[in-house]
Amino acid sequence: MTSAPSGDLFQPLAPNDPETVGGYRLAAVLGAGGMGKVYLSYTPGGRPIALKVIRSEFSEDPEFRRRFEQEVRSAQRVQGLYTAPVIDFDTEGAQPWLATAYVPGPSLAQAVGLHGRLPVRSVLLMTVGCAEALHVIHGAGIVHRDLKPANVLLASDGPRVIDFGIARAADATALTGTGVSVGTPAFMAPEQAISGTVTPATDVFALGQIVAFAGSGASAYGDGPSHGVLYRIVHEEPDLSGLPEELRPLAARCLARDPADRPTPAEIIALCHELSSEPLRQGEDWLPRAVAGSITERLRLPEPVRTPPPVATPTEVSAQPPAPTVHPYAQPTQTAPTRPGAAPQPGYPTPPPGYPAQSPGYPPHPAYAQGPPTPPPSYPQASHPQGSYPPASYPPAPAPPAPKRKGLVVAGAVVGAVVAVALVYSLLPDGSGGGGDAKGRESASPTGSASPGKGGKPVDPQPATYEGIDLTANYHLMLADNPPRPIDGAKSGGVLYAHGDVYYYFDSLFGTEKFGTANGNMVLLNNAQKGSLETCRQETRYTKQIAFDQLTDGQQICVLSDTGHIAVVTYRGKSGASDAGKYITVDLTVWRNADQPKSGS
């Protein structure tokens, strides 16, 4: 799980983000990845945590859930000083989630991207810490499988390796064949790329690539399309020419093509000490000043959000001595017994420890007495399980309002609705509610579904077609816009590419390209299929992203937005090497309000 945020440090929760997950109130968005979204939250004691919610597409796969639970329970056994410990998890809920300690530090990818390569001493200290982390991870029977610069966080007292073993849960899911990518090809080992073989030596190869990246600022096997990088990993030697001389023996041994020739984590630690001109000791000065400054920024956390405490049990309640306080339902002169046999005390007792009387949404605790609670009708019972609180004396609840004359109200509503429908119908151009210009007229349906035509038969909205849209890298489109105009994702906040109904993301550092949607689902159509409203409605092979190596000129993709718009995107190619900018060209056919919007959209 990516504990360190990408882009802006702490993004506010979006309307479609949950407010709580597993009892933890979410405070901000830290980032998003191939498997889910990461939020900042706090433990009841106020310690920050990184909480990763798994994407719903994975949640629906039983095999993924089974593997995810296995990996999470294995990860709980990892308690190294250079890993982020697992704090809490839920593998059986509607959307599985995992919480780890929050690490206030940038990832290695962010640090090098912003400040350039690290000094030799910093690289050696980082490598020693990562090797020790791998030693502990492998000792727990886990292979990381996705070790890369984004999964190495740079804290003030050394590196932290995160996301170990979680990628294994997605290996067997059916989603990996529908454009959802898990893992990073540029950091795979040769045996992993050829046959999928994964052993502890596979992680050592990835560590060698991390050493090369941290010390030179570039990948040891170059950039570009993933298939080209994988070919070089399997058939060519790494390019270590940009790496300082002291670090080349270390990287070269880790990047040996034969897994048997690679060193163990313990041997890597010993080699780092041999290569260092001074003793390697982690400390506050292990990073360059510019990188250390970004750690300070990540310590300025958003205001903690109090997590609702657990409800006290009757045993816990009876064990606490009473203390006088005024209950909101009590009369000024009312008294209540504290417990059987005790003398009456003024007011009502103070709630037991752990049940804050001023917590928003939690009413003060009623008096302690034996027997089940008997709150008045207006008192919320959902927060108090049967038997959790003893009964208390309450004043009578307010009398319910007198019943209204429902017959007259309903009759008036029906007459008004008939008049309104007749008025709207008479104002339409041809009285049918259909038709319209193909270039951007909205559907007449106010509900987001196909509008009713003559005789009550639904009439599909008319399509609007837009040709030759140049979608610049890191820009996105909204299907509701007429005409759809590319929008700069950097100005939208949050993760750079996680915006819009259709987005194109390009990572200039690694050459990674993503074509996807942040507000719905996509379906890559087969060559034999013709993109149409009917086809898009029938397809269920949903994904969020489509790999670029699956796209050819004329390839069509269905986009079904959460707001009820449906579109067919026809891919027309991308910019050439001589073009000044990076962009793709698409044709777009949109049926607006063709389906019911999802709740909360």
# chains A, B, ... in the order shown; residues from 1 in each chain; ligands from 1
$ residues_around --residues "Pro279 (chain A)" --least-positions-apart "5" --cutoff "12 Å" --atoms "only C-alpha atoms" --output "list in words"
Arg121, Leu124, Leu125, Val128, Ala270, Cys272, His273 and Glu274 of chain A
$ atom_distance --atom1 "CA of Ala140 (chain A)" --atom2 "CA of Met188 (chain A)"
21.5 Å
$ residues_around --residues "Phe89 (chain A)" --least-positions-apart "5" --cutoff "6 Å" --atoms "only C-alpha atoms" --output "PyMOL selection string"
chain A and resi 97-99
$ residues_around --residues "region 68-77 of chain A" --least-positions-apart "6" --cutoff "10 Å" --atoms "only C-alpha atoms" --output "PyMOL selection string"
chain A and resi 54+58-59+62+84-92+96-98+100+136-137+139-142+163-170
$ decode --residues "region 464-578 of chain A" --atoms "C-alpha atoms" --output "mmCIF file, in the first residue's frame"
data_model
loop_
_atom_site.group_PDB
_atom_site.id
_atom_site.type_symbol
_atom_site.label_atom_id
_atom_site.label_comp_id
_atom_site.auth_asym_id
_atom_site.auth_seq_id
_atom_site.Cartn_x
_atom_site.Cartn_y
_atom_site.Cartn_z
ATOM 1 C CA ALA A 464 -23.779 12.905 -30.544
ATOM 2 C CA THR A 465 -20.602 12.311 -32.568
ATOM 3 C CA TYR A 466 -17.289 14.137 -32.267
ATOM 4 C CA GLU A 467 -14.352 13.260 -34.526
ATOM 5 C CA GLY A 468 -10.634 13.869 -34.254
ATOM 6 C CA ILE A 469 -10.348 14.800 -30.564
ATOM 7 C CA ASP A 470 -6.685 15.196 -29.605
ATOM 8 C CA LEU A 471 -6.435 14.145 -25.953
ATOM 9 C CA THR A 472 -3.191 15.462 -24.506
ATOM 10 C CA ALA A 473 -1.245 13.359 -22.000
ATOM 11 C CA ASN A 474 -2.570 13.781 -18.439
ATOM 12 C CA TYR A 475 -5.810 15.358 -19.710
ATOM 13 C CA HIS A 476 -9.317 13.901 -19.526
ATOM 14 C CA LEU A 477 -12.780 14.211 -21.089
ATOM 15 C CA MET A 478 -16.248 14.480 -19.542
ATOM 16 C CA LEU A 479 -19.046 12.894 -21.550
ATOM 17 C CA ALA A 480 -21.592 15.450 -20.312
ATOM 18 C CA ASP A 481 -19.667 18.329 -21.938
ATOM 19 C CA ASN A 482 -20.936 19.447 -25.351
ATOM 20 C CA PRO A 483 -18.590 19.383 -27.100
ATOM 21 C CA PRO A 484 -16.225 17.328 -24.920
ATOM 22 C CA ARG A 485 -13.054 19.392 -24.413
ATOM 23 C CA PRO A 486 -9.805 18.008 -22.948
ATOM 24 C CA ILE A 487 -9.351 19.114 -19.319
ATOM 25 C CA ASP A 488 -5.972 19.408 -17.603
ATOM 26 C CA GLY A 489 -5.803 16.681 -14.953
ATOM 27 C CA ALA A 490 -3.131 18.545 -12.971
ATOM 28 C CA LYS A 491 -5.647 21.318 -12.234
ATOM 29 C CA SER A 492 -8.222 18.864 -10.914
ATOM 30 C CA GLY A 493 -6.265 17.834 -7.816
ATOM 31 C CA GLY A 494 -5.613 14.341 -6.495
ATOM 32 C CA VAL A 495 -3.831 11.688 -8.475
ATOM 33 C CA LEU A 496 -2.806 13.213 -11.802
ATOM 34 C CA TYR A 497 -4.635 10.763 -14.051
ATOM 35 C CA ALA A 498 -7.535 9.697 -11.826
ATOM 36 C CA HIS A 499 -10.090 12.092 -13.283
ATOM 37 C CA GLY A 500 -12.773 12.187 -15.920
ATOM 38 C CA ASP A 501 -14.917 9.772 -17.860
ATOM 39 C CA VAL A 502 -11.993 9.162 -20.259
ATOM 40 C CA TYR A 503 -8.356 9.967 -19.466
ATOM 41 C CA TYR A 504 -4.929 9.521 -21.061
ATOM 42 C CA TYR A 505 -1.977 9.394 -18.671
ATOM 43 C CA PHE A 506 1.700 9.311 -19.611
ATOM 44 C CA ASP A 507 4.528 8.920 -17.085
ATOM 45 C CA SER A 508 7.565 10.572 -18.662
ATOM 46 C CA LEU A 509 9.890 8.975 -16.093
ATOM 47 C CA PHE A 510 9.039 5.345 -16.829
ATOM 48 C CA GLY A 511 7.262 5.691 -20.159
ATOM 49 C CA THR A 512 4.091 4.233 -18.645
ATOM 50 C CA GLU A 513 0.870 4.980 -20.545
ATOM 51 C CA LYS A 514 -2.645 4.507 -19.231
ATOM 52 C CA PHE A 515 -5.988 4.858 -20.992
ATOM 53 C CA GLY A 516 -8.903 4.560 -18.629
ATOM 54 C CA THR A 517 -11.866 5.990 -16.765
ATOM 55 C CA ALA A 518 -12.167 7.336 -13.239
ATOM 56 C CA ASN A 519 -15.949 7.666 -13.252
ATOM 57 C CA GLY A 520 -17.292 4.341 -14.475
ATOM 58 C CA ASN A 521 -16.220 1.292 -16.466
ATOM 59 C CA MET A 522 -14.698 0.443 -19.842
ATOM 60 C CA VAL A 523 -14.992 -2.526 -22.175
ATOM 61 C CA LEU A 524 -12.500 -3.198 -24.987
ATOM 62 C CA LEU A 525 -14.576 -4.510 -27.889
ATOM 63 C CA ASN A 526 -13.458 -7.385 -30.056
ATOM 64 C CA ASN A 527 -12.641 -6.643 -33.677
ATOM 65 C CA ALA A 528 -15.810 -8.453 -34.748
ATOM 66 C CA GLN A 529 -18.004 -6.230 -32.568
ATOM 67 C CA LYS A 530 -19.454 -2.947 -33.777
ATOM 68 C CA GLY A 531 -19.602 -0.171 -31.229
ATOM 69 C CA SER A 532 -23.220 0.759 -30.539
ATOM 70 C CA LEU A 533 -25.499 1.619 -27.640
ATOM 71 C CA GLU A 534 -26.911 -1.916 -27.655
ATOM 72 C CA THR A 535 -23.458 -3.505 -27.664
ATOM 73 C CA CYS A 536 -22.254 -1.353 -24.772
ATOM 74 C CA ARG A 537 -25.336 -2.171 -22.727
ATOM 75 C CA GLN A 538 -24.897 -5.910 -23.231
ATOM 76 C CA GLU A 539 -21.177 -6.091 -22.439
ATOM 77 C CA THR A 540 -20.075 -6.974 -18.900
ATOM 78 C CA ARG A 541 -16.286 -7.401 -19.306
ATOM 79 C CA TYR A 542 -15.668 -4.253 -17.275
ATOM 80 C CA THR A 543 -12.311 -2.743 -16.448
ATOM 81 C CA LYS A 544 -10.938 0.636 -15.411
ATOM 82 C CA GLN A 545 -7.836 0.746 -17.609
ATOM 83 C CA ILE A 546 -6.785 -0.644 -20.958
ATOM 84 C CA ALA A 547 -3.187 -1.397 -21.849
ATOM 85 C CA PHE A 548 -1.889 0.503 -24.858
ATOM 86 C CA ASP A 549 -0.426 -2.590 -26.451
ATOM 87 C CA GLN A 550 -4.044 -3.782 -26.903
ATOM 88 C CA LEU A 551 -5.023 -0.727 -28.958
ATOM 89 C CA THR A 552 -4.737 -0.459 -32.714
ATOM 90 C CA ASP A 553 -6.095 2.109 -35.151
ATOM 91 C CA GLY A 554 -9.868 1.739 -35.291
ATOM 92 C CA GLN A 555 -10.148 -0.224 -32.023
ATOM 93 C CA GLN A 556 -13.354 0.636 -30.164
ATOM 94 C CA ILE A 557 -13.994 0.919 -26.438
ATOM 95 C CA CYS A 558 -17.328 1.217 -24.630
ATOM 96 C CA VAL A 559 -17.395 3.714 -21.761
ATOM 97 C CA LEU A 560 -20.238 3.525 -19.222
ATOM 98 C CA SER A 561 -20.042 6.476 -16.853
ATOM 99 C CA ASP A 562 -21.415 6.451 -13.331
ATOM 100 C CA THR A 563 -23.565 9.467 -14.269
ATOM 101 C CA GLY A 564 -25.537 7.439 -16.843
ATOM 102 C CA HIS A 565 -23.808 8.465 -20.090
ATOM 103 C CA ILE A 566 -22.643 5.767 -22.522
ATOM 104 C CA ALA A 567 -20.040 6.313 -25.239
ATOM 105 C CA VAL A 568 -18.054 4.482 -27.903
ATOM 106 C CA VAL A 569 -14.456 5.683 -28.129
ATOM 107 C CA THR A 570 -12.645 4.863 -31.371
ATOM 108 C CA TYR A 571 -8.869 4.947 -31.027
ATOM 109 C CA ARG A 572 -7.123 6.674 -33.979
ATOM 110 C CA GLY A 573 -3.478 6.545 -32.907
ATOM 111 C CA LYS A 574 -1.089 8.753 -30.984
ATOM 112 C CA SER A 575 1.480 11.457 -31.593
ATOM 113 C CA GLY A 576 4.788 10.658 -33.246
ATOM 114 C CA ALA A 577 8.308 11.175 -31.943
ATOM 115 C CA SER A 578 8.634 14.451 -33.890
#
